[in-house]
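Raw contents of my_file04.csv, CSV, C-alpha atoms and all ligand atoms:
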chain,number,residue,atom,x,y,z
C,1,MET,CA,4.9,-30.3,46.1
C,2,ASN,CA,2.3,-30.9,43.4
C,3,ILE,CA,-1.3,-29.8,44.0
C,4,LEU,CA,-4.3,-30.8,41.9
C,5,GLY,CA,-6.6,-27.9,41.5
C,6,ILE,CA,-10.3,-28.0,40.6
C,7,GLU,CA,-12.4,-24.9,39.6
C,8,SER,CA,-16.1,-25.0,38.7
C,9,SER,CA,-17.6,-21.8,40.3
C,10,CYS,CA,-19.2,-20.4,37.2
C,11,ASP,CA,-19.0,-21.3,33.5
C,12,GLU,CA,-15.5,-22.8,33.2
C,13,THR,CA,-14.7,-26.3,34.4
C,14,SER,CA,-11.0,-26.5,35.0
C,15,VAL,CA,-8.5,-29.0,36.4
C,16,ALA,CA,-4.8,-28.2,36.8
C,17,ILE,CA,-1.6,-29.4,38.5
C,18,VAL,CA,0.7,-26.8,39.9
C,19,LYS,CA,4.1,-27.4,41.5
C,20,ASP,CA,5.1,-25.4,44.6
C,21,GLY,CA,2.4,-22.8,44.0
C,22,ARG,CA,4.2,-21.2,41.1
C,23,GLU,CA,4.9,-23.6,38.3
C,24,ILE,CA,2.1,-24.9,36.1
C,25,ILE,CA,2.5,-28.5,35.1
C,26,ILE,CA,-0.9,-28.5,33.3
C,27,ASN,CA,-4.0,-26.3,33.2
C,28,LEU,CA,-7.0,-27.5,31.3
C,29,VAL,CA,-10.0,-25.3,30.9
C,30,ALA,CA,-13.4,-26.3,29.4
C,31,SER,CA,-15.3,-23.1,28.7
C,32,GLN,CA,-19.1,-23.1,28.4
C,33,ILE,CA,-19.2,-19.7,26.7
C,34,SER,CA,-20.6,-21.1,23.5
C,35,THR,CA,-23.4,-22.9,25.4
C,36,HIS,CA,-24.5,-19.7,27.3
C,37,ARG,CA,-24.0,-17.3,24.4
C,38,LYS,CA,-27.5,-17.9,23.0
C,39,PHE,CA,-29.0,-16.9,26.4
C,40,GLY,CA,-26.9,-13.7,26.7
C,41,GLY,CA,-25.5,-14.8,30.0
C,42,VAL,CA,-24.8,-17.8,32.2
C,43,VAL,CA,-27.8,-20.0,33.0
C,44,PRO,CA,-26.9,-21.6,36.4
C,45,GLU,CA,-28.8,-24.9,35.9
C,46,VAL,CA,-27.3,-25.4,32.4
C,47,ALA,CA,-23.8,-24.6,33.9
C,48,SER,CA,-24.1,-27.3,36.5
C,49,ARG,CA,-25.1,-29.9,34.0
C,50,LYS,CA,-22.2,-29.0,31.8
C,51,HIS,CA,-19.7,-29.3,34.7
C,52,ILE,CA,-21.0,-32.8,35.4
C,53,GLU,CA,-20.4,-33.8,31.8
C,54,VAL,CA,-16.8,-32.6,31.5
C,55,ILE,CA,-15.3,-32.9,35.0
C,56,ILE,CA,-14.3,-36.6,34.9
C,57,PRO,CA,-13.0,-36.6,31.3
C,58,LEU,CA,-11.0,-33.5,32.2
C,59,LEU,CA,-9.4,-35.2,35.2
C,60,GLU,CA,-8.5,-38.2,33.2
C,61,LYS,CA,-7.0,-36.0,30.5
C,62,VAL,CA,-4.8,-34.2,33.1
C,63,PHE,CA,-3.2,-37.5,34.2
C,64,GLN,CA,-3.0,-38.8,30.6
C,65,GLU,CA,-1.3,-35.7,29.2
C,66,THR,CA,1.2,-35.4,32.1
C,67,GLY,CA,1.9,-39.1,32.6
C,68,MET,CA,1.5,-38.4,36.3
C,69,ASN,CA,-0.3,-40.6,38.8
C,70,TRP,CA,-1.8,-40.1,42.2
C,71,LYS,CA,1.4,-40.8,44.0
C,72,LYS,CA,2.8,-37.5,42.6
C,73,ILE,CA,-0.1,-35.5,44.1
C,74,GLU,CA,0.2,-34.2,47.6
C,75,ALA,CA,-3.2,-32.6,48.0
C,76,ILE,CA,-6.4,-31.5,46.1
C,77,ALA,CA,-7.4,-27.8,46.2
C,78,VAL,CA,-10.9,-26.9,45.3
C,79,THR,CA,-13.0,-23.7,45.0
C,80,ILE,CA,-15.7,-23.7,47.7
C,81,GLY,CA,-17.1,-20.2,46.8
C,82,PRO,CA,-18.2,-17.6,46.0
C,83,GLY,CA,-19.9,-18.7,42.9
C,84,LEU,CA,-23.0,-20.5,41.6
C,85,ILE,CA,-23.9,-23.0,44.2
C,86,GLY,CA,-24.9,-25.8,41.8
C,87,SER,CA,-21.7,-25.3,39.8
C,88,LEU,CA,-19.5,-25.2,42.9
C,89,LEU,CA,-21.0,-28.5,44.2
C,90,ILE,CA,-19.9,-30.4,41.1
C,91,GLY,CA,-16.2,-29.6,41.6
C,92,LEU,CA,-16.4,-29.9,45.4
C,93,SER,CA,-18.1,-33.3,45.2
C,94,ALA,CA,-15.5,-34.6,42.8
C,95,ALA,CA,-12.7,-33.3,45.0
C,96,LYS,CA,-14.2,-34.7,48.2
C,97,ALA,CA,-14.6,-38.2,46.7
C,98,MET,CA,-11.1,-38.3,45.2
C,99,ALA,CA,-9.5,-36.9,48.4
C,100,TYR,CA,-11.2,-39.5,50.5
C,101,VAL,CA,-10.6,-42.5,48.3
C,102,LYS,CA,-7.0,-41.5,47.4
C,103,GLN,CA,-6.2,-40.4,51.0
C,104,LYS,CA,-5.1,-36.9,50.0
C,105,SER,CA,-5.6,-33.7,52.0
C,106,LEU,CA,-8.4,-31.4,50.7
C,107,VAL,CA,-7.6,-27.7,50.7
C,108,PRO,CA,-10.7,-25.4,50.4
C,109,ILE,CA,-10.0,-22.3,48.4
C,110,ASN,CA,-11.8,-19.0,48.2
C,111,HIS,CA,-12.2,-18.2,44.5
C,112,LEU,CA,-11.1,-14.6,45.0
C,113,GLU,CA,-7.9,-15.7,46.7
C,114,GLY,CA,-7.4,-18.0,43.7
C,115,HIS,CA,-7.5,-14.9,41.4
C,116,ILE,CA,-5.0,-13.1,43.6
C,117,LYS,CA,-2.6,-16.0,43.7
C,118,SER,CA,-2.8,-16.3,39.9
C,119,VAL,CA,-0.2,-13.5,39.7
C,120,PHE,CA,2.5,-15.8,41.1
C,121,LEU,CA,2.1,-18.2,38.2
C,122,THR,CA,3.3,-15.4,35.9
C,123,HIS,CA,5.5,-13.4,38.4
C,124,PRO,CA,6.9,-16.1,40.7
C,125,ASP,CA,9.3,-13.7,42.4
C,126,LEU,CA,6.8,-11.0,43.3
C,127,GLU,CA,7.2,-10.0,47.0
C,128,PHE,CA,4.7,-8.8,49.6
C,129,PRO,CA,3.0,-6.5,50.3
C,130,PHE,CA,0.9,-5.4,47.3
C,131,ILE,CA,-2.5,-4.0,46.5
C,132,ALA,CA,-4.7,-6.3,44.6
C,133,LEU,CA,-7.6,-5.2,42.4
C,134,ILE,CA,-9.8,-8.2,41.5
C,135,VAL,CA,-12.0,-7.2,38.5
C,136,SER,CA,-14.1,-10.1,37.3
C,137,GLY,CA,-17.7,-10.9,36.1
C,138,GLY,CA,-18.8,-11.4,39.7
C,139,HIS,CA,-16.4,-9.2,41.8
C,140,THR,CA,-14.7,-5.9,42.0
C,141,SER,CA,-12.6,-5.9,45.1
C,142,LEU,CA,-9.6,-3.9,46.3
C,143,LEU,CA,-7.4,-5.5,48.9
C,144,SER,CA,-4.1,-5.0,50.7
C,145,VAL,CA,-2.2,-8.3,50.6
C,146,TYR,CA,0.4,-8.7,53.3
C,147,ASP,CA,1.3,-12.4,52.9
C,148,HIS,CA,-0.1,-15.6,51.5
C,149,THR,CA,-2.9,-15.8,54.1
C,150,LYS,CA,-3.2,-12.2,55.3
C,151,PHE,CA,-5.5,-9.8,53.4
C,152,LYS,CA,-7.3,-6.6,54.2
C,153,LEU,CA,-10.4,-5.7,52.2
C,154,LEU,CA,-10.3,-2.0,51.4
C,155,GLY,CA,-13.4,-1.8,49.2
C,156,ALA,CA,-15.8,-3.7,46.9
C,157,THR,CA,-18.6,-3.0,44.5
C,158,ARG,CA,-21.9,-2.0,46.0
C,159,ASP,CA,-23.9,-3.3,43.0
C,160,ASP,CA,-22.7,-4.6,39.6
C,161,ALA,CA,-19.2,-5.9,39.2
C,162,ALA,CA,-17.0,-4.3,36.5
C,163,GLY,CA,-17.3,-7.4,34.2
C,164,GLU,CA,-21.0,-7.6,34.9
C,165,ALA,CA,-21.4,-4.0,33.7
C,166,PHE,CA,-19.5,-4.8,30.5
C,167,ASP,CA,-21.7,-7.9,30.0
C,168,LYS,CA,-24.9,-6.1,30.6
C,169,VAL,CA,-24.1,-3.1,28.4
C,170,ALA,CA,-23.1,-5.5,25.6
C,171,ARG,CA,-26.3,-7.5,26.1
C,172,PHE,CA,-28.5,-4.4,26.0
C,173,LEU,CA,-26.9,-3.4,22.7
C,174,HIS,CA,-27.2,-7.0,21.4
C,175,LEU,CA,-23.4,-7.2,20.8
C,176,GLY,CA,-23.0,-10.7,22.2
C,177,TYR,CA,-21.6,-12.6,25.3
C,178,PRO,CA,-19.3,-12.1,27.1
C,179,GLY,CA,-19.4,-8.4,26.7
C,180,GLY,CA,-15.9,-7.4,27.9
C,181,PRO,CA,-13.8,-8.7,25.0
C,182,LEU,CA,-16.3,-7.5,22.5
C,183,ILE,CA,-16.4,-3.9,23.9
C,184,ASP,CA,-12.7,-4.0,24.3
C,185,ARG,CA,-12.3,-4.8,20.5
C,186,LEU,CA,-15.0,-2.4,19.3
C,187,SER,CA,-13.5,0.5,21.4
C,188,LYS,CA,-10.1,0.2,19.8
C,189,LYS,CA,-11.0,2.5,16.8
C,190,ALA,CA,-13.6,4.6,18.6
C,191,ASN,CA,-13.7,7.9,20.3
C,192,SER,CA,-13.6,7.2,24.1
C,193,SER,CA,-14.3,10.9,25.0
C,194,ALA,CA,-17.4,11.1,22.7
C,195,ILE,CA,-19.8,10.9,25.7
C,196,LYS,CA,-19.1,11.9,29.2
C,197,PHE,CA,-20.6,9.1,31.3
C,198,PRO,CA,-20.6,9.3,35.1
C,199,ARG,CA,-17.6,8.1,37.2
C,200,ALA,CA,-19.2,7.0,40.4
C,201,TYR,CA,-17.6,7.6,43.9
C,202,MET,CA,-14.6,9.3,42.4
C,203,ASP,CA,-15.1,12.2,44.8
C,204,LYS,CA,-15.7,10.0,47.8
C,205,ASP,CA,-13.0,9.2,50.3
C,206,ARG,CA,-13.4,5.4,50.2
C,207,PHE,CA,-12.6,2.4,48.1
C,208,ASP,CA,-16.1,1.1,47.2
C,209,PHE,CA,-17.2,0.9,43.6
C,210,SER,CA,-20.6,1.3,41.9
C,211,PHE,CA,-21.2,0.5,38.2
C,212,SER,CA,-24.9,0.2,38.1
C,213,GLY,CA,-25.5,4.0,37.6
C,214,LEU,CA,-23.0,4.0,34.7
C,215,LYS,CA,-24.8,1.1,33.1
C,216,THR,CA,-28.2,2.8,33.4
C,217,SER,CA,-26.7,6.0,31.9
C,218,VAL,CA,-25.6,4.0,28.9
C,219,PHE,CA,-29.1,2.5,28.6
C,220,ASN,CA,-30.8,5.9,28.8
C,221,TYR,CA,-28.4,7.4,26.3
C,222,VAL,CA,-29.1,4.7,23.8
C,223,ARG,CA,-32.9,4.8,24.4
C,224,SER,CA,-33.1,8.5,24.1
C,225,ARG,CA,-31.4,8.5,20.7
C,226,ASP,CA,-33.2,5.5,19.4
C,227,LEU,CA,-29.9,3.7,18.6
C,228,ALA,CA,-31.3,0.2,19.3
C,229,PHE,CA,-29.2,-2.3,17.4
C,230,ILE,CA,-30.9,-5.1,15.5
C,231,PRO,CA,-29.2,-8.5,15.9
C,232,GLY,CA,-27.7,-9.7,12.6
C,233,GLU,CA,-27.5,-6.2,11.1
C,234,GLU,CA,-24.4,-4.1,10.9
C,235,ILE,CA,-23.5,-2.3,14.1
C,236,SER,CA,-24.8,1.3,13.8
C,237,GLU,CA,-22.4,4.1,13.6
C,238,GLY,CA,-22.7,5.6,17.1
C,239,ILE,CA,-22.3,2.3,19.0
C,240,PRO,CA,-18.4,2.0,19.1
C,241,ASP,CA,-18.2,5.5,20.5
C,242,ILE,CA,-20.8,4.7,23.2
C,243,VAL,CA,-19.1,1.5,24.3
C,244,ALA,CA,-15.6,3.1,24.2
C,245,SER,CA,-16.9,6.0,26.4
C,246,PHE,CA,-18.5,3.5,28.8
C,247,GLN,CA,-15.2,1.5,28.9
C,248,GLU,CA,-13.3,4.7,29.6
C,249,ALA,CA,-15.5,5.5,32.6
C,250,VAL,CA,-15.0,2.0,34.0
C,251,VAL,CA,-11.2,2.2,33.4
C,252,ASP,CA,-11.0,5.7,35.0
C,253,VAL,CA,-12.7,4.6,38.2
C,254,LEU,CA,-10.7,1.4,38.5
C,255,ILE,CA,-7.4,3.2,38.0
C,256,PHE,CA,-8.2,6.1,40.3
C,257,LYS,CA,-9.2,3.8,43.2
C,258,ALA,CA,-6.4,1.4,42.7
C,259,LEU,CA,-3.7,4.1,42.7
C,260,ARG,CA,-5.3,5.9,45.6
C,261,ALA,CA,-5.3,2.6,47.6
C,262,CYS,CA,-1.5,2.3,46.8
C,263,LYS,CA,-0.9,5.8,48.0
C,264,CYS,CA,-3.1,5.5,51.2
C,265,GLU,CA,-1.5,2.2,52.2
C,266,GLY,CA,2.0,3.3,51.2
C,267,ILE,CA,2.5,0.3,48.9
C,268,LYS,CA,4.3,0.6,45.6
C,269,GLN,CA,3.1,-2.6,43.9
C,270,LEU,CA,-0.3,-3.2,42.3
C,271,VAL,CA,-1.6,-6.5,41.1
C,272,LEU,CA,-4.6,-6.7,38.7
C,273,VAL,CA,-6.4,-10.0,38.3
C,274,GLY,CA,-9.7,-11.4,37.1
C,275,GLY,CA,-11.3,-11.4,33.6
C,276,VAL,CA,-11.4,-7.6,33.2
C,277,ALA,CA,-7.7,-7.4,33.8
C,278,CYS,CA,-7.4,-8.6,30.2
C,279,ASN,CA,-8.9,-5.3,29.1
C,280,SER,CA,-6.4,-3.6,26.8
C,281,ARG,CA,-7.4,0.0,27.6
C,282,LEU,CA,-7.2,-0.7,31.3
C,283,ARG,CA,-3.7,-2.2,30.9
C,284,ASP,CA,-2.4,0.6,28.6
C,285,LYS,CA,-3.8,3.5,30.7
C,286,LEU,CA,-2.9,2.0,34.0
C,287,LYS,CA,0.7,1.6,32.8
C,288,ILE,CA,0.9,5.3,32.1
C,289,GLU,CA,-0.8,6.5,35.2
C,290,ALA,CA,1.1,4.1,37.5
C,291,ARG,CA,4.4,5.2,36.1
C,292,LYS,CA,3.6,8.8,37.1
C,293,GLU,CA,3.2,7.6,40.7
C,294,ASP,CA,6.2,5.3,40.6
C,295,ILE,CA,4.0,2.2,41.1
C,296,GLU,CA,4.8,-1.1,39.5
C,297,VAL,CA,1.9,-3.0,38.0
C,298,TYR,CA,1.7,-6.8,37.7
C,299,TYR,CA,-0.8,-8.9,35.7
C,300,PRO,CA,-1.1,-12.6,35.3
C,301,ALA,CA,-0.9,-13.9,31.7
C,302,PRO,CA,-4.2,-13.2,29.9
C,303,ASN,CA,-5.3,-16.9,30.0
C,304,LEU,CA,-4.8,-16.9,33.8
C,305,CYS,CA,-6.9,-13.7,34.3
C,306,THR,CA,-10.1,-15.6,33.5
C,307,ASP,CA,-11.3,-18.5,35.6
C,308,ASN,CA,-8.9,-21.5,35.7
C,309,ALA,CA,-7.8,-24.2,38.1
C,310,ALA,CA,-4.1,-23.4,38.1
C,311,MET,CA,-4.8,-20.4,40.3
C,312,ILE,CA,-6.7,-22.6,42.7
C,313,ALA,CA,-3.9,-25.2,42.8
C,314,GLY,CA,-1.4,-22.3,43.3
C,315,ALA,CA,-3.5,-20.9,46.2
C,316,GLY,CA,-3.8,-24.5,47.5
C,317,PHE,CA,-0.1,-24.9,47.9
C,318,PHE,CA,0.2,-21.8,50.2
C,319,GLN,CA,-2.8,-22.8,52.3
C,320,LYS,CA,-1.6,-26.3,52.6
C,321,ILE,CA,1.8,-25.2,54.0
C,322,ALA,CA,-0.1,-22.9,56.3
C,323,GLY,CA,-1.9,-25.9,57.7
C,324,ASN,CA,-5.4,-25.0,56.3
C,325,TYR,CA,-6.6,-28.3,55.0
C,326,LEU,CA,-8.8,-31.3,55.9
C,327,THR,CA,-8.2,-35.0,55.9
C,328,GLY,CA,-10.1,-38.3,56.4
C,329,LYS,CA,-13.8,-38.1,57.3
C,330,ASP,CA,-13.5,-34.3,58.1
C,331,ILE,CA,-13.4,-33.8,54.3
C,332,PHE,CA,-17.2,-34.5,54.2
C,333,ASN,CA,-17.9,-31.5,56.5
C,334,LEU,CA,-16.9,-29.1,53.8
C,335,ASN,CA,-19.7,-27.3,52.0
C,336,ALA,CA,-19.9,-25.0,49.0
C,337,THR,CA,-20.9,-21.5,50.1
C,338,ASN,CA,-21.6,-18.1,48.8
C,339,THR,CA,-20.8,-16.3,52.0
C,340,VAL,CA,-17.1,-16.8,52.0
C,341,SER,CA,-15.5,-13.4,52.1
C,342,ILE,CA,-11.9,-12.4,51.9
C,343,GLY,CA,-9.9,-10.0,54.0
C,344,LYS,CA,-12.8,-8.9,56.3
C,401,LIG,O1,-12.6,-13.8,36.1
C,401,LIG,P1,-13.7,-14.3,35.1
C,401,LIG,O2,-13.3,-15.3,34.1
C,401,LIG,O3,-14.9,-14.8,35.8
C,401,LIG,C1,-15.4,-14.4,37.1
C,401,LIG,O4,-14.9,-14.9,38.1
C,401,LIG,O5,-16.4,-13.7,37.0
C,401,LIG,O6,-14.2,-12.9,34.4
C,401,LIG,C2,-15.2,-12.9,33.4
C,401,LIG,C3,-15.5,-11.5,33.1
C,401,LIG,C4,-16.7,-11.3,32.2
C,401,LIG,O7,-17.6,-10.3,32.7
C,401,LIG,C5,-16.0,-10.7,30.9
C,401,LIG,O8,-16.8,-9.9,30.1
C,401,LIG,C6,-14.8,-10.0,31.5
C,401,LIG,O9,-14.4,-10.8,32.5
C,401,LIG,N1,-13.8,-9.8,30.5
C,401,LIG,C7,-13.4,-8.6,30.0
C,401,LIG,C8,-12.4,-8.8,29.1
C,401,LIG,N2,-12.2,-10.1,29.0
C,401,LIG,C9,-13.0,-10.7,29.9
C,401,LIG,N3,-13.8,-7.3,30.4
C,401,LIG,C10,-13.2,-6.3,29.7
C,401,LIG,N4,-12.3,-6.4,28.8
C,401,LIG,C11,-11.8,-7.6,28.4
C,401,LIG,N5,-10.9,-7.7,27.5
C,402,ZN,ZN,-13.3,-15.6,38.7

Do you think you could lay out the structure here as structure tokens?
Ligand code: KG4
Ligand code: ZN
Amino acid sequence: MNILGIESSCDETSVAIVKDGREIIINLVASQISTHRKFGGVVPEVASRKHIEVIIPLLEKVFQETGMNWKKIEAIAVTIGPGLIGSLLIGLSAAKAMAYVKQKSLVPINHLEGHIKSVFLTHPDLEFPFIALIVSGGHTSLLSVYDHTKFKLLGATRDDAAGEAFDKVARFLHLGYPGGPLIDRLSKKANSSAIKFPRAYMDKDRFDFSFSGLKTSVFNYVRSRDLAFIPGEEISEGIPDIVASFQEAVVDVLIFKALRACKCEGIKQLVLVGGVACNSRLRDKLKIEARKEDIEVYYPAPNLCTDNAAMIAGAGFFQKIAGNYLTGKDIFNLNATNTVSIGK
């Protein structure tokens, strides 16, 4: 069963075709990073306009490059939220129109569920149950995943998401956007124990996260030492140690909570998804720590950690066979929303 997936929740427009939830036929991603870079972050109105420009050409390209036609497509899966409302609307409007005209089922997908399902594109034989840690620019959520439609939310961030903290620290230091990959790279040759930044909630017996205090500690540290970085000039000496110490604090909290969730739930498999799952320090340290606890860790391929439509098409397959889709005029009742939650 081939599902056409559409993703436009933030600053990536993406269209994909996935077979049986696990096999990528094509996955095209048009990133807007270069557009938003000069603003230091995503500008919602600009993002919506960019989605409008590229979505139809991207759809045409998907059919051209695969040589497939609509007869080969069983259903359309589309992200309905959470995300930027204006951006979501572009993908959803395109999906509704095509589903109605081509008489295909329309499968609404929660973006976070899409991230979780991305793991099956790289590990098709992974079995349930597993603990999923979603670490992206907009979310930090820890869930127990029992099957394709059954999730239990264990905890989530109370303020900034992990990726958001990376982006804000990088922005404060004028390092560029997005901050995660830049901090990851800068930290490689730096001393990650140079500064002891706070690790929030480590002592608390729950699975919520908080990264806003850590971010403020970094800001205060930089201000108090007058380390402000001037754009265009060489990065001053202390900066790599600061960002590496910040990254280490984020990584420590994520690993501690994820492994504790595995222990509390009695589950031996951990899945890490979302943009921050690309972080090399997180991957390396988690591998070591998980092995000590006899826990197996699974990641999607790096290009499937960040936003893409293959994960939406993959999730669409499992929801379609579970009967969660719309047809005919019902398609037009579907709205983009920021209130979709997962596992509650
Ligand atoms: O999943 P994603 O593409 O979009 C959202 O759904 O938010 O994640 C984007 C986030 C950004 O905050 C970016 O800085 C972060 O993922 N990111 C990283 C790395 N690569 C991307 N954070 C830390 N280390 C990385 N290597
Ligand atoms: Zn995402």

List the spatial neighbours of Thr306 of chain C as a ChimeraX atom specification - criterion: any atom at most 10 Å away, all atoms listed in the file, same-chain residues fewer than 6 positions off excluded. /C:12,115,118,135-137,273-278,300

Leaving out Ala194 of chain C and any residue of its chain fewer than 5 positions from it, which residues lie within 9 Å of it when counting all atoms listed in the file, given as a PyMOL selection string? chain C and resi 241-242+244-245

Two-atom distance - atom CA of Phe197 of chain C, atom CA of Phe166 of chain C (Å):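 Atom-to-atom, atom CA of Phe197 of chain C to atom CA of Phe166 of chain C, that is 14.0 Å.
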
May I have the centre and edge lengths, in Å to one decimal, of an axis-aligned box around the listed atoms of segment 199-203 of chain C with 3 Å added to every side, as lines of an AutoDock Vina configuration file?
center_x = -16.9
center_y = 9.6
center_z = 41.0
size_x = 10.6
size_y = 11.2
size_z = 13.6

Site check for ligand ZN 402 (chain C): residues at most 12 Å away, all atoms listed in the file, as a PyMOL selection string: chain C and resi 7-14+79+81-84+110-118+134-141+161+163-164+273-277+303-309+311-312

Atom CA of Lys188 of chain C to atom CA of Ala165 of chain C, straight-line distance in Å: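 Computed distance, atom CA of Ala165 of chain C to atom CA of Lys188 of chain C, equals 18.4 Å.
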
Can you measure atom CA of Ala99 of chain C to atom CA of Val29 of chain C for me? One decimal in Å is fine.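 Separation between atom CA of Ala99 of chain C and atom CA of Val29 of chain C: 21.0 Å.
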
Might you pull out every residue within 12 Å of segment 50-65 of chain C, with only C-alpha atoms counted and same-chain residues fewer than 4 positions away left off, and present them as a PyMOL selection string? chain C and resi 4-18+24-36+42-46+69-73+76+84+86-95+97-98+309-310

With distances taken over all atoms listed in the file, which of C:Asp160, C:Glu23, C:Glu265, C:Glu293 is nearest to ligand LIG 401 (chain C)?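 That would be C:Asp160, the residue with the smallest distance to ligand LIG 401 (chain C).
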
Pick from C:Phe246, C:Tyr146, C:Phe209, C:Tyr100 nearest to ligand LIG 401 (chain C), counting all atoms listed in the file: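 Counting all atoms listed in the file, the residue closest to ligand LIG 401 (chain C) is C:Phe246.
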
Non-local contacts of Glu296 of chain C (12 Å; all atoms listed in the file; under 6 positions in same chain excluded) as a ChimeraX atom specification: /C:126-127,130-132,258-259,262,267-272,286-290

Nearest-residue call for ligand LIG 401 (chain C), choices C:Leu153, C:Val119, C:Ala77, C:Leu282, using only C-alpha atoms and all ligand atoms: C:Leu282

Incomplete segment 85-100 of chain C brought to N, CA, C and O atoms, written out as a tab-separated table (two decimals), in the frame of the given file:
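Resulting contents of selection-v1.tsv:
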chain	number	residue	atom	x	y	z
C	85	ILE	N	-23.93	-21.90	43.29
C	85	ILE	CA	-23.90	-23.00	44.20
C	85	ILE	C	-23.92	-24.38	43.50
C	85	ILE	O	-23.13	-25.28	43.80
C	86	GLY	N	-24.80	-24.52	42.52
C	86	GLY	CA	-24.90	-25.80	41.80
C	86	GLY	C	-23.58	-26.13	41.10
C	86	GLY	O	-23.15	-27.29	41.08
C	87	SER	N	-22.95	-25.12	40.54
C	87	SER	CA	-21.70	-25.30	39.80
C	87	SER	C	-20.57	-25.69	40.81
C	87	SER	O	-19.78	-26.62	40.58
C	88	LEU	N	-20.49	-24.95	41.92
C	88	LEU	CA	-19.50	-25.20	42.90
C	88	LEU	C	-19.58	-26.66	43.43
C	88	LEU	O	-18.57	-27.34	43.65
C	89	LEU	N	-20.82	-27.11	43.61
C	89	LEU	CA	-21.00	-28.50	44.20
C	89	LEU	C	-20.44	-29.56	43.31
C	89	LEU	O	-19.99	-30.58	43.84
C	90	ILE	N	-20.40	-29.35	42.00
C	90	ILE	CA	-19.90	-30.40	41.10
C	90	ILE	C	-18.36	-30.58	41.37
C	90	ILE	O	-17.88	-31.69	41.60
C	91	GLY	N	-17.64	-29.47	41.36
C	91	GLY	CA	-16.20	-29.60	41.60
C	91	GLY	C	-15.90	-30.05	43.00
C	91	GLY	O	-15.00	-30.88	43.21
C	92	LEU	N	-16.67	-29.54	43.97
C	92	LEU	CA	-16.40	-29.90	45.40
C	92	LEU	C	-16.71	-31.40	45.61
C	92	LEU	O	-15.94	-32.08	46.29
C	93	SER	N	-17.80	-31.90	45.04
C	93	SER	CA	-18.10	-33.30	45.20
C	93	SER	C	-17.07	-34.22	44.64
C	93	SER	O	-16.67	-35.21	45.25
C	94	ALA	N	-16.59	-33.84	43.46
C	94	ALA	CA	-15.50	-34.60	42.80
C	94	ALA	C	-14.28	-34.60	43.69
C	94	ALA	O	-13.64	-35.63	43.93
C	95	ALA	N	-13.94	-33.41	44.17
C	95	ALA	CA	-12.70	-33.30	45.00
C	95	ALA	C	-12.81	-34.05	46.29
C	95	ALA	O	-11.86	-34.73	46.69
C	96	LYS	N	-13.97	-33.98	46.94
C	96	LYS	CA	-14.20	-34.70	48.20
C	96	LYS	C	-14.00	-36.22	47.98
C	96	LYS	O	-13.30	-36.90	48.73
C	97	ALA	N	-14.67	-36.72	46.94
C	97	ALA	CA	-14.60	-38.20	46.70
C	97	ALA	C	-13.20	-38.62	46.41
C	97	ALA	O	-12.73	-39.61	46.98
C	98	MET	N	-12.49	-37.87	45.58
C	98	MET	CA	-11.10	-38.30	45.20
C	98	MET	C	-10.19	-38.16	46.44
C	98	MET	O	-9.35	-39.02	46.65
C	99	ALA	N	-10.35	-37.08	47.19
C	99	ALA	CA	-9.50	-36.90	48.40
C	99	ALA	C	-9.66	-38.03	49.36
C	99	ALA	O	-8.69	-38.54	49.92
C	100	TYR	N	-10.90	-38.42	49.56
C	100	TYR	CA	-11.20	-39.50	50.50
C	100	TYR	C	-10.64	-40.83	50.04
C	100	TYR	O	-9.92	-41.52	50.77
